[in-house]
Amino acid sequence: MIKKKYASVASAVADIHDGATVMIGGFGASGSPIELIHALIDHGAKDLTVINNNTGNGEVGLAALIGNGQVKKMICSFPKSSQSRVFPKLYQEGLIELELVPQGTLAERIRAAGAGIPAFYTPTTVGTVLAEGKEIRSFDGREYVMEPWLQADFALVKCEMSDAVGNLTYNKTARNFNPLMCMAATTTIVQTRKLVNAGDIDPEHVITPGIFVNRIVEVPQPVHEDILIAQGRSYP
Amino acid sequence: MNTGWNRDQMAARAAQDIPDGSYVNLGIGIPELVAQHVPEGCEFIYHTENGMLGMGPPPAEDERDLDLMNAGKKYVTAMPGAAYFHHADSFSMIRGGHIDVCVLGTMQVAENGDIANWSTGAPGAIPAVGGAMDLVQGVKHIYVITQHTTRKGDPKLVDRCTYPLTGPGVVSRIFTDLAVVDVTPGGFQLVELAPGISFEEVQAKTGASILPLA
């Protein structure tokens with residue numbers, strides 16, 4: 001029997017270990033699995049390497065995880081935004097590491113890990129400081145930079161609908177990095193707004209096939225980072 | 001005295017040079033204004049890096065959808081015919097050469113087409129690159145909209161960029177408050193002067209030689 005359903009976000013993240021590499025879906029506020037992140041804060045695993053496009057906003061979600069001292073390194077493309085204060089402060093104090101990866105390279109490194117491709121060549125960063133120290137190779141007269149795959153122990157993902165076997169659909173631009181991260185982690189943990197029976201999602205409409213999903217938790221009314229920030233909330 | 005182009009006029013001028021039917025990616029700032037100045041009879045389809053083609057204008061505040069944002073993390077709408085996709089597909093469109101035109105702001109652009117618009121390289125600054133390096137390498141035509149000089153009056157069109165590059169030799173056309181300038185194998189080439197602006201003024205405010213109108 002396929003048994004992927006977990007009763008709570010707490011039980012779904014309970015085995016995330018100190019030192020784990022954790023991918024967290026979302027682009028800014030949209031598609032960010034806030035409930036799973038807050039469960040990870042409650043759980044307390046530390047020395048984490050976290051992969052996300054950004055570094056969170058305000059004092060909730062990813063920013064709260066960083067602010068709680070659980071993250072030793074961020075891998076992201078854009079670590080600052082109008083409402084990000086936690087990461088910039090720790091970074092400038094030398095208390096957190098940063099690996100800066102261009103957004104398309106970040107997406108493709110994650111996809112490559114899921115697809116079993118250890119490295120690929122991209123034109124992105126050729127002729128810039130971000131290519132320094134990396135292998136450059138010429139194909140058909142143009143230079144490309146080699147980039148390695150990006151694997152993770154766990155992925156925390158938010159989706160709109162999941163069926164019992166983990167087939168997923170998303171909502172609009174909340175999709176972003178989530179389907180890629182499902183593919184790239186050893187254990188993929190999904191929070192879904194709606195959990196339905198197998199057969200209730202048309203196979204033609206499945207975005208992430210269930211083979212990439214290990215754990216499903218239903219979170220029927222997920223909070224949204226922008227709303228929490230507008231309310232002046234912090235976590236814990 | 002009315003001289004030069006304002007932000008909207010710069011955007012409108014750039015929009016005139018985008019072919020009808022183009023797939024277009026607009027950077028943050030003045031480039032965003034291009035969408036408000038699409039020439040009569042033209043249709044552009046807008047791409048946003050976080051996974052949508054067919055992006056529409058911002059919604060009224062009470063009609064916001066929290067799951068519908070653009071790459072600048074602003075709330076947007078979807079036009080009829082829009083499509084959503086994940087980040088790897090989105091950057092395949094960029095890197096794979098499927099997007100026709102990208103309009104970007106910049107800190108510096110050089111006469112050889114180098115662009116520097118992601119970092120001043122200042123010690124202690126937090127580096128943030130986003131999708132800029134993917135866009136400049138992948139999109140077929142890279143246009144720049146920028147004030148001709150910084151607030152301090154320093155030229156932004158230069159012989160060589162002093163800030164860290166976003167990409168080398170990628171920019172084809174530049175729209176400023178003073179002029180339209182092409183990047184050619186011979187360097188900067190004047191294409192058009194804004195109303196009331198002389199070639200001499202443009203040259204004086206540019207950090208490299210500009211070839212005058214033929």
# chains A, B, ... in the order shown; residues from 1 in each chain; ligands from 1

call {"tool": "select_by_dssp", "arguments": {"residues": "region 7-136 of chain B", "states": "strand (DSSP E or B)", "output": "JSON, numbers by chain"}}
result
{"B": [23, 24, 25, 26, 45, 46, 47, 48, 52, 53, 54, 55, 56, 69, 75, 77, 78, 79, 80, 81, 82, 83, 84, 101, 102, 103, 104, 108, 109, 110, 115, 116]}

call {"tool": "interface_residues", "arguments": {"of": "chain A", "to": "chain B", "cutoff": "9 Å", "atoms": "only C-alpha atoms", "output": "VMD selection string"}}
result
chain A and resid 27 to 31 53 to 54 76 to 80 88 91 to 92 100 to 108 110 to 111 122 to 129 171 to 180 224 226

call {"tool": "residues_around", "arguments": {"residues": "His37 (chain B)", "least_positions_apart": "5", "cutoff": "7 Å", "atoms": "only C-alpha atoms", "output": "list of chain:residue names"}}
result
B:Ala11, B:Ala12, B:Ala15

call {"tool": "residues_around", "arguments": {"residues": "region 148-164 of chain A", "least_positions_apart": "3", "cutoff": "6 Å", "atoms": "only C-alpha atoms", "output": "VMD selection string"}}
result
chain A and resid 21 to 25 31 33 109 to 110 112 to 113 118 to 119 167 to 171 178 181 184 to 198

call {"tool": "select_by_dssp", "arguments": {"residues": "region 42-169 of chain B", "states": "alpha helix (DSSP H)", "output": "ChimeraX atom specification"}}
result
/B:87-95,132-138

call {"tool": "closest_residue", "arguments": {"among": "B:Met93, B:Ala60, B:Val38, B:Ala179", "to": "Gln147 (chain B)", "atoms": "only C-alpha atoms"}}
result
B:Ala179

call {"tool": "closest_residue", "arguments": {"among": "A:Asp47, A:Glu93, A:Glu59, A:Glu132", "to": "Lys72 (chain A)", "atoms": "only C-alpha atoms"}}
result
A:Asp47

call {"tool": "atom_distance", "arguments": {"atom1": "CA of Lys3 (chain A)", "atom2": "CA of Ile211 (chain A)"}}
result
12.4 Å

call {"tool": "closest_residue", "arguments": {"among": "A:Ser234, A:Asn57, A:Ser138, A:Ser8", "to": "Pro220 (chain A)", "atoms": "only C-alpha atoms"}}
result
A:Ser8

call {"tool": "atom_distance", "arguments": {"atom1": "CA of Val202 (chain B)", "atom2": "CA of Cys102 (chain B)"}}
result
24.4 Å

call {"tool": "atom_distance", "arguments": {"atom1": "CA of Arg13 (chain B)", "atom2": "CA of Pro195 (chain B)"}}
result
12.2 Å
